[in-house]
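A.B. asks: Below is input-v1.txt; it holds compact mmCIF, C-alpha atoms.
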# COMPACT_ATOMS: atom_id res chain seq x y z
CA MET A 1 0.00 0.00 0.00
CA ILE A 2 2.97 2.35 0.27
CA GLY A 3 2.38 5.33 -2.03
CA GLN A 4 -1.34 4.60 -2.28
CA GLU A 5 -3.86 7.31 -1.45
CA VAL A 6 -7.11 6.44 0.33
CA GLY A 7 -10.10 8.58 1.22
CA GLY A 8 -8.90 11.18 -1.28
CA ARG A 9 -6.41 12.64 1.20
CA TYR A 10 -4.43 10.03 3.15
CA ARG A 11 -1.20 8.95 1.43
CA VAL A 12 0.36 5.79 2.89
CA ILE A 13 4.10 6.05 3.57
CA GLU A 14 5.06 3.23 5.97
CA TYR A 15 3.92 -0.19 7.17
CA LEU A 16 3.39 -0.36 10.95
CA GLY A 17 2.04 -3.82 11.70
CA ARG A 18 -0.71 -6.39 11.47
CA GLY A 19 -3.36 -7.72 13.83
CA SER A 20 -5.90 -10.51 13.56
CA TYR A 21 -8.33 -8.43 11.53
CA GLY A 22 -6.33 -5.84 9.68
CA GLU A 23 -3.18 -3.99 8.70
CA THR A 24 -1.95 -0.69 10.11
CA TRP A 25 -0.09 1.93 8.10
CA LYS A 26 1.48 5.31 8.72
CA ALA A 27 0.19 8.01 6.39
CA VAL A 28 0.16 11.76 5.81
CA ASP A 29 -2.96 13.91 5.57
CA LYS A 30 -2.59 15.90 2.33
CA ASN A 31 -5.53 18.16 3.15
CA LEU A 32 -3.93 19.73 6.24
CA PRO A 33 -1.01 22.19 6.38
CA GLY A 34 2.32 20.52 6.95
CA TYR A 35 1.01 17.09 5.92
CA PRO A 36 0.67 15.77 9.51
CA TYR A 37 1.05 12.05 10.21
CA CYS A 38 -1.90 9.78 10.91
CA VAL A 39 -2.59 6.05 11.19
CA VAL A 40 -4.64 4.23 8.57
CA LYS A 41 -6.07 0.90 9.63
CA LYS A 42 -7.41 -1.33 6.86
CA LEU A 43 -9.82 -4.19 7.53
CA ASP A 44 -8.10 -7.26 6.13
CA PRO A 45 -8.98 -10.51 7.99
CA GLN A 46 -6.58 -13.40 7.64
CA SER A 47 -9.42 -15.91 7.46
CA ASN A 48 -11.70 -16.49 4.48
CA GLN A 49 -14.42 -18.14 6.57
CA LYS A 50 -17.69 -16.23 6.28
CA TYR A 51 -18.36 -16.47 10.02
CA GLU A 52 -14.97 -14.96 10.90
CA LEU A 53 -15.28 -12.32 8.20
CA ASN A 54 -18.56 -11.18 9.72
CA ILE A 55 -16.98 -11.02 13.19
CA ALA A 56 -14.04 -9.03 11.84
CA GLU A 57 -16.31 -6.52 10.11
CA ARG A 58 -18.45 -6.10 13.22
CA LEU A 59 -15.41 -5.55 15.46
CA PHE A 60 -13.90 -3.05 13.00
CA ILE A 61 -17.08 -0.97 12.92
CA GLU A 62 -17.39 -1.20 16.72
CA GLU A 63 -13.79 0.04 17.08
CA ALA A 64 -14.64 3.16 15.06
CA GLU A 65 -17.81 3.76 17.07
CA THR A 66 -15.89 3.32 20.33
CA LEU A 67 -13.17 5.80 19.40
CA GLN A 68 -15.84 8.31 18.45
CA LYS A 69 -17.45 7.94 21.90
CA LEU A 70 -14.12 8.25 23.69
CA SER A 71 -12.85 11.25 21.73
CA LYS A 72 -11.02 14.13 23.40
CA ASN A 73 -9.34 12.11 26.12
CA GLU A 74 -5.60 12.59 26.65
CA HIS A 75 -4.96 8.85 27.13
CA ILE A 76 -6.89 7.63 24.06
CA PRO A 77 -6.07 8.39 20.38
CA GLN A 78 -8.52 10.51 18.40
CA ILE A 79 -10.51 9.11 15.48
CA LEU A 80 -10.10 11.22 12.34
CA ALA A 81 -12.16 9.33 9.74
CA PHE A 82 -14.01 6.11 8.97
CA PHE A 83 -15.05 5.18 5.43
CA GLN A 84 -15.51 2.43 2.86
CA GLU A 85 -13.67 2.57 -0.45
CA GLU A 86 -13.73 -0.08 -3.18
CA TYR A 87 -15.42 -2.55 -0.80
CA GLN A 88 -12.72 -2.02 1.85
CA TYR A 89 -13.19 -0.46 5.28
CA TYR A 90 -10.65 2.09 6.53
CA LEU A 91 -10.23 3.68 9.94
CA VAL A 92 -8.02 6.77 10.29
CA MET A 93 -6.66 7.71 13.72
CA GLU A 94 -4.32 10.16 15.41
CA TYR A 95 -0.68 9.16 15.09
CA ILE A 96 1.09 8.82 18.44
CA GLU A 97 4.78 9.66 18.18
CA GLY A 98 6.60 7.37 20.61
CA GLU A 99 7.32 3.75 21.50
CA ASP A 100 5.09 1.07 22.94
CA LEU A 101 5.81 -0.16 26.48
CA SER A 102 6.94 -3.62 25.43
CA LEU A 103 10.40 -2.12 24.82
CA GLU A 104 10.56 -0.93 28.43
CA LEU A 105 8.75 -3.74 30.23
CA ASN A 106 10.21 -6.72 28.38
CA SER A 107 13.80 -5.68 29.06
CA GLY A 108 13.88 -7.39 32.46
CA ASP A 109 14.60 -4.15 34.33
CA ARG A 110 12.76 -3.51 37.59
CA TRP A 111 10.91 -0.23 38.01
CA ASP A 112 10.78 1.62 41.32
CA GLU A 113 7.53 2.00 43.21
CA ASN A 114 6.81 5.59 42.20
CA GLN A 115 7.28 4.75 38.52
CA VAL A 116 4.89 1.82 38.79
CA ILE A 117 2.22 3.85 40.59
CA GLU A 118 2.37 6.56 37.92
CA LEU A 119 2.10 3.97 35.15
CA LEU A 120 -0.89 2.27 36.78
CA LYS A 121 -2.64 5.60 37.36
CA GLN A 122 -2.36 6.63 33.70
CA ILE A 123 -3.67 3.30 32.39
CA LEU A 124 -6.51 3.35 34.91
CA HIS A 125 -7.46 6.89 33.88
CA ALA A 126 -7.98 5.62 30.31
CA LEU A 127 -9.84 2.59 31.63
CA GLU A 128 -12.06 4.81 33.76
CA VAL A 129 -13.29 6.59 30.61
CA ILE A 130 -13.91 3.28 28.83
CA GLN A 131 -15.90 1.88 31.73
CA LYS A 132 -18.25 4.89 31.76
CA TYR A 133 -19.63 3.49 28.50
CA LYS A 134 -19.81 -0.09 29.86
CA LEU A 135 -17.00 -1.13 27.52
CA ILE A 136 -14.30 -3.77 27.98
CA HIS A 137 -11.03 -3.31 26.09
CA ARG A 138 -10.08 -7.02 26.35
CA ASP A 139 -6.49 -6.60 25.15
CA ILE A 140 -4.60 -4.31 27.52
CA LYS A 141 -0.93 -5.28 27.28
CA PRO A 142 2.45 -3.50 26.98
CA SER A 143 2.41 -3.39 23.16
CA ASN A 144 -0.99 -1.63 23.26
CA LEU A 145 0.33 1.11 25.52
CA MET A 146 2.28 3.91 23.84
CA ARG A 147 4.58 6.32 25.66
CA ARG A 148 4.12 9.61 23.82
CA SER A 149 7.46 11.26 23.06
CA GLN A 150 6.40 14.86 23.58
CA ASP A 151 5.29 14.48 27.21
CA GLY A 152 5.86 10.87 28.31
CA LYS A 153 2.14 10.22 28.82
CA ILE A 154 0.74 6.72 28.36
CA ILE A 155 -1.79 6.28 25.53
CA LEU A 156 -4.00 3.19 25.28
CA ILE A 157 -4.35 2.03 21.67
CA ASP A 158 -5.97 -0.74 19.58
CA PHE A 159 -9.67 -0.89 20.34
CA GLY A 160 -10.23 -3.72 17.88
CA CYS A 161 -11.25 -6.16 20.63
CA VAL A 162 -13.57 -3.81 22.51
CA LYS A 163 -16.92 -5.21 23.68
CA ILE A 164 -20.02 -3.79 25.30
CA PHE A 165 -20.46 -5.48 28.66
CA ASN A 166 -23.16 -8.15 28.61
CA PRO A 167 -22.78 -10.69 31.46
CA SER A 168 -25.20 -13.17 29.91
CA GLN A 169 -23.67 -13.28 26.44
CA ARG A 170 -20.77 -15.63 25.75
CA THR A 171 -18.07 -14.21 23.48
CA VAL A 172 -15.28 -15.67 21.37
CA PHE A 173 -11.82 -15.98 22.92
CA ILE A 174 -9.97 -12.69 22.45
CA GLY A 175 -6.92 -11.34 24.27
CA THR A 176 -3.28 -12.02 24.98
CA PRO A 177 -2.30 -14.94 27.26
CA GLY A 178 -0.78 -13.75 30.52
CA TYR A 179 -2.83 -10.57 30.62
CA ILE A 180 -6.35 -12.05 30.51
CA PRO A 181 -8.21 -13.52 33.50
CA ASP A 182 -9.99 -16.85 33.69
CA GLU A 183 -13.50 -15.50 33.04
CA GLN A 184 -12.34 -13.86 29.79
CA ILE A 185 -10.71 -17.10 28.66
CA LYS A 186 -14.03 -18.85 29.23
CA GLY A 187 -15.87 -16.24 27.14
CA TYR A 188 -17.54 -14.19 29.87
CA PRO A 189 -15.42 -11.03 30.36
CA GLN A 190 -16.50 -8.65 33.10
CA LEU A 191 -16.04 -4.89 33.40
CA ASN A 192 -13.15 -5.48 35.80
CA SER A 193 -11.44 -8.07 33.57
CA ASP A 194 -9.28 -5.22 32.22
CA ILE A 195 -8.18 -4.45 35.79
CA TYR A 196 -6.54 -7.88 35.91
CA ALA A 197 -4.45 -6.91 32.86
CA VAL A 198 -3.40 -3.62 34.46
CA GLY A 199 -2.36 -5.45 37.64
CA MET A 200 -0.27 -7.92 35.64
CA ILE A 201 1.51 -5.01 33.92
CA GLY A 202 2.28 -3.49 37.34
CA ILE A 203 3.71 -6.80 38.58
CA GLN A 204 5.78 -7.13 35.41
CA ALA A 205 7.22 -3.65 35.93
CA LEU A 206 8.18 -4.37 39.55
CA THR A 207 9.61 -7.86 39.00
CA GLY A 208 11.10 -7.50 35.52
CA LYS A 209 9.44 -10.81 34.62
CA LEU A 210 7.00 -11.65 31.87
CA PRO A 211 3.65 -13.14 32.98
CA SER A 212 4.73 -16.49 31.53
CA GLU A 213 7.67 -16.55 33.96
CA LEU A 214 5.46 -16.23 37.06
CA THR A 215 4.00 -19.17 38.96
CA PHE A 216 0.64 -19.81 40.64
CA ASN A 217 -0.11 -21.69 43.85
CA ALA A 218 -2.94 -24.18 44.37
CA ASP A 219 -5.40 -21.33 45.04
CA HIS A 220 -4.54 -19.66 41.70
CA LYS A 221 -2.67 -16.87 43.49
CA ILE A 222 0.24 -15.36 41.56
CA MET A 223 3.51 -15.87 43.43
CA TRP A 224 5.48 -12.75 42.55
CA ARG A 225 6.68 -11.30 45.86
CA ASN A 226 10.27 -12.02 46.91
CA PRO A 227 13.11 -10.17 48.70
CA GLU A 228 14.52 -8.91 45.38
CA VAL A 229 11.32 -7.00 44.58
CA LYS A 230 11.36 -3.61 46.31
CA VAL A 231 7.72 -2.78 47.02
CA SER A 232 5.71 -1.50 49.96
CA LYS A 233 3.14 -3.71 51.61
CA ASP A 234 0.35 -1.31 50.57
CA LEU A 235 1.15 -1.40 46.85
CA ALA A 236 1.71 -5.16 46.91
CA GLU A 237 -1.74 -5.66 48.40
CA ILE A 238 -3.33 -3.44 45.74
CA LEU A 239 -1.68 -5.43 42.95
CA ASP A 240 -2.70 -8.72 44.56
CA LYS A 241 -6.31 -7.52 44.64
CA MET A 242 -6.19 -6.41 41.01
CA VAL A 243 -5.13 -9.89 39.85
CA LYS A 244 -7.43 -11.98 42.03
CA TYR A 245 -8.52 -15.18 40.30
CA LYS A 246 -12.20 -14.50 41.08
CA TYR A 247 -13.39 -11.25 39.50
CA SER A 248 -15.78 -10.67 42.42
CA GLU A 249 -12.73 -10.23 44.68
CA ARG A 250 -11.04 -7.59 42.49
CA TYR A 251 -11.72 -3.86 42.41
CA SER A 252 -15.10 -3.49 40.73
CA CYS A 253 -14.00 -0.56 38.59
CA ALA A 254 -10.99 1.57 37.63
CA THR A 255 -12.08 4.39 39.96
CA GLN A 256 -11.81 2.14 43.02
CA ALA A 257 -8.30 1.06 42.06
CA LEU A 258 -7.30 4.68 41.38
CA ASN A 259 -8.48 5.81 44.81
CA ALA A 260 -6.48 3.04 46.47
CA LEU A 261 -3.34 4.07 44.56
CA LYS A 262 -3.77 7.72 45.52
CA GLU A 263 -3.82 6.75 49.20
CA VAL A 264 -0.63 4.71 48.84
CA LYS A 265 1.18 7.50 46.99
CA SER A 266 0.28 10.06 49.65
CA ARG A 267 1.74 7.77 52.33
CA ILE A 268 5.02 6.88 50.62
CA GLU A 269 5.94 10.32 49.24
CA PRO A 270 6.92 11.83 52.64
CA THR A 271 9.23 8.86 53.16
CA LEU A 272 10.77 8.77 49.72
CA LEU A 273 10.96 12.51 49.09
CA PRO A 274 11.85 14.34 52.34
CA CYS A 275 11.81 18.13 52.17
CA TYR A 276 14.20 20.15 54.34
CA PRO A 277 14.32 23.95 54.84
CA THR A 278 17.08 25.50 52.76
CA THR A 279 18.43 27.48 55.74
CA VAL A 280 19.42 24.42 57.78
CA LEU A 281 23.22 24.21 58.05
CA LYS A 282 25.04 20.99 57.41
CA PRO A 283 26.08 19.36 60.72
CA SER A 284 29.68 19.00 59.55
CA LEU A 285 30.02 22.79 59.34
CA LEU A 286 28.57 23.72 62.73
CA PRO A 287 31.68 23.14 64.94
CA ASN A 288 33.87 25.32 62.68
CA GLN A 289 31.29 28.07 62.60
CA LEU A 290 30.99 28.07 66.40
CA LEU A 291 34.78 28.28 66.78
CA VAL A 292 35.01 31.27 64.42
CA ALA A 293 32.15 33.04 66.20
CA GLY A 294 33.83 32.46 69.60
CA LEU A 295 37.18 33.84 68.46
CA MET A 296 35.54 36.93 66.99
CA SER A 297 33.73 37.56 70.28
CA VAL A 298 36.99 37.32 72.27
CA LEU A 299 38.82 39.69 69.90
CA LEU A 300 36.04 42.27 70.08
CA THR A 301 36.07 42.14 73.90
CA PHE A 302 39.85 42.70 74.12
CA SER A 303 39.64 45.52 71.58
CA TYR A 304 36.95 47.27 73.59
CA LEU A 305 38.91 46.94 76.87
CA PHE A 306 42.10 48.23 75.23
CA LEU A 307 40.36 51.31 73.82
CA GLU A 308 38.63 52.03 77.12
CA SER A 309 41.97 51.95 79.01
CA GLN A 310 43.56 54.27 76.47
CA VAL A 311 40.75 56.84 76.83
CA THR A 312 40.95 56.67 80.64
CA ASN A 313 44.71 57.26 80.64
CA GLN A 314 44.36 60.21 78.29
CA VAL A 315 41.72 61.86 80.49
CA GLU A 316 43.89 61.43 83.62
CA ALA A 317 46.90 62.89 81.82
CA ASN A 318 44.98 66.02 80.71
CA GLY A 319 43.60 66.70 84.18
CA ASN A 320 40.63 69.11 83.99
CA HIS A 321 41.05 70.01 80.30
CA THR A 322 37.76 69.88 78.39
CA CYS A 323 37.43 67.52 75.40
CA GLU A 324 37.05 69.39 72.14
CA PHE A 325 34.05 67.22 71.23
CA CYS A 326 32.13 68.01 74.43
Can you turn what I pasted into structure tokens?

C.D. replies:
Amino acid sequence: MIGQEVGGRYRVIEYLGRGSYGETWKAVDKNLPGYPYCVVKKLDPQSNQKYELNIAERLFIEEAETLQKLSKNEHIPQILAFFQEEYQYYLVMEYIEGEDLSLELNSGDRWDENQVIELLKQILHALEVIQKYKLIHRDIKPSNLMRRSQDGKIILIDFGCVKIFNPSQRTVFIGTPGYIPDEQIKGYPQLNSDIYAVGMIGIQALTGKLPSELTFNADHKIMWRNPEVKVSKDLAEILDKMVKYKYSERYSCATQALNALKEVKSRIEPTLLPCYPTTVLKPSLLPNQLLVAGLMSVLLTFSYLFLESQVTNQVEANGNHTCEFC
């Protein structure tokens, strides 16, 4: 598609990637000054089965409708256009300059607690908006989280798996192993199924381990805590609750999880970031300063006594003569 123009204005310049139901391309918008970048997503299912083609088309249309609902949010890309051309569907979105989080999280490095809390808060802010419309993303993972270059903010992308919450309707298996909970695997995702994915990302950031490298005990609890992982008890408990095996035991919504994180951050900041008055002297300098002050006091005293004795002697020598300044 490179060099091709779609929608009468979007010229494709670079291939970005492929998902289950389509290809994604980088393009320029010829109708705007400066030819700004955008993302063109083309519906192109890998399967030729009619049933799967129908599912792909429905999900593609639902993705466009979802982005339109969620427009003007700083953690979600903006939809620019949606159209059909020569029997093909196209979705045009805002281009996010940056890198996805898989480069940071899959490196094996461990993040500190403040970094993890900030990451979780930004993802949950995007999730909070989604949940207002009773939507489930169903594929929150590091590669679907972009760190925007201009300000470092986290942007949630790829709404191709989004679903309106319906507890009684069974759905097809969608998601990425390691980041999806049991109820989603079985086809009955809940509104807080996405919270499980966010919790797994937090654990990955703290431990430096991929979900596939973690183990579970007999009660399906994720065994991730160890002496090498530097984390407060409060944050560890929040993450444990986010990834509970039973969805009824997790936070019911993103807002609940956000409030819990805000409480933890307010408690750890005074410990991690102490603030001292700028006028406090360093202890190592105090003895020297006291010594100098003492010596100056002694010298001033001797100087005063010497001058006083000189004046007294002069007055005695002059007898009753009157001072010229009197």

A.B. asks: I want to know what sits within 6 Å of range 170-179 of chain A, based on only C-alpha atoms, with residues of the same chain fewer than 5 positions away left out; could you give that as a list in words?

C.D. replies: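 Once the nearby chain positions are removed, what remains is Arg138, Asp139, Ile185, Gly187, Tyr188, Ala197 and Pro211 of chain A.
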
A.B. asks: If I take CA of Val162 in chain A and CA of Glu23 in chain A, how far is one from the other in Å, to one decimal?

C.D. replies: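 CA of Val162 in chain A sits 17.3 Å away from CA of Glu23 in chain A.
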
A.B. asks: Mind giving me the straight-line distance from CA of Thr215 in chain A to CA of Gln115 in chain A in Å, one decimal?

C.D. replies: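 Straight-line distance from CA of Thr215 in chain A to CA of Gln115 in chain A works out to 24.1 Å.
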
A.B. asks: Using all atoms listed in the file, which of the listed residues (A:Gly108, A:Gly160, A:Pro189, A:Gly98) sits closest to Gly208 in chain A?

C.D. replies: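 For Gly208 in chain A, the nearest of the given residues is A:Gly108.
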
A.B. asks: For CA of Gln68 in chain A and CA of Pro142 in chain A, determine how far apart the two atoms are, in Å to one decimal place.

C.D. replies: 23.4 Å

A.B. asks: Just the residues within 10 Å of Cys161 in chain A, please, counting all atoms listed in the file, with nothing from its chain fewer than 4 positions along; format it as a VMD selection string.

C.D. replies: chain A and resid 20 to 21 56 59 to 60 62 to 63 136 to 140 174 to 175

A.B. asks: Counting only C-alpha atoms, which of A:Tyr37, A:Phe82, A:Tyr133, A:Tyr51 gets nearest to Tyr95 in chain A?

C.D. replies: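 Of all the options, A:Tyr37 lies closest to Tyr95 in chain A.
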
A.B. asks: Give me the residues within 7 Å of Pro77 in chain A as a list in words, counting only C-alpha atoms and dropping any in the same chain fewer than 4 places off.

C.D. replies: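 Within the cut-off, the hits are Met93, Glu94 and Ile157 of chain A.
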
A.B. asks: For a quick check of understanding, using only C-alpha atoms, which of A:Ile117, A:Leu156, A:Ala205, A:Ala257 has the smallest distance to Glu99 in chain A?

C.D. replies: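 For Glu99 in chain A, the nearest of the given residues is A:Leu156.
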
A.B. asks: Which polymer residues have any atom within 10 Å of an atom of range 111-113 of chain A, counting all atoms listed in the file, with same-chain residues fewer than 4 positions away left out, as a list in words?

C.D. replies: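 Residues meeting the cut-off are Glu104, Leu105, Ile117, Glu118, Leu119, Gly202, Ile203, Gln204, Ala205, Leu206, Thr207, Gly208, Val229, Lys230, Val231, Ser232, Leu235, Ala236, Lys265, Ile268 and Leu272 of chain A.
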
A.B. asks: List the spatial neighbours of Ile123 in chain A as a PyMOL selection string - criterion: any atom at most 12 Å away, only C-alpha atoms, same-chain residues fewer than 3 positions off excluded.

C.D. replies: chain A and resi 74-76+101+116-120+126-130+137+140-142+144-147+153-157+194-195+197-199+201-202+254-255+257-258

A.B. asks: Counting only C-alpha atoms, which residue out of A:Phe83, A:Tyr15, A:Tyr90, A:Tyr247 sits closest to Lys41 in chain A?

C.D. replies: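 Among A:Phe83, A:Tyr15, A:Tyr90, A:Tyr247, it is A:Tyr90 that comes nearest to Lys41 in chain A.
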
A.B. asks: Let me make sure I understand: among A:Gly3, A:Pro45, A:Pro167, A:Pro227, which one has the smallest atom-to-atom distance to Asn192 in chain A if we use all atoms listed in the file?

C.D. replies: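 Distance minimum relative to Asn192 in chain A lands on A:Pro167.
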
A.B. asks: Go through A:Tyr10, A:Phe159, A:Tyr251, A:Tyr196 one by one, measure the shortest atom-to-atom distance of each to Asp182 in chain A using only C-alpha atoms, and give the residue with the smallest value.

C.D. replies: A:Tyr196
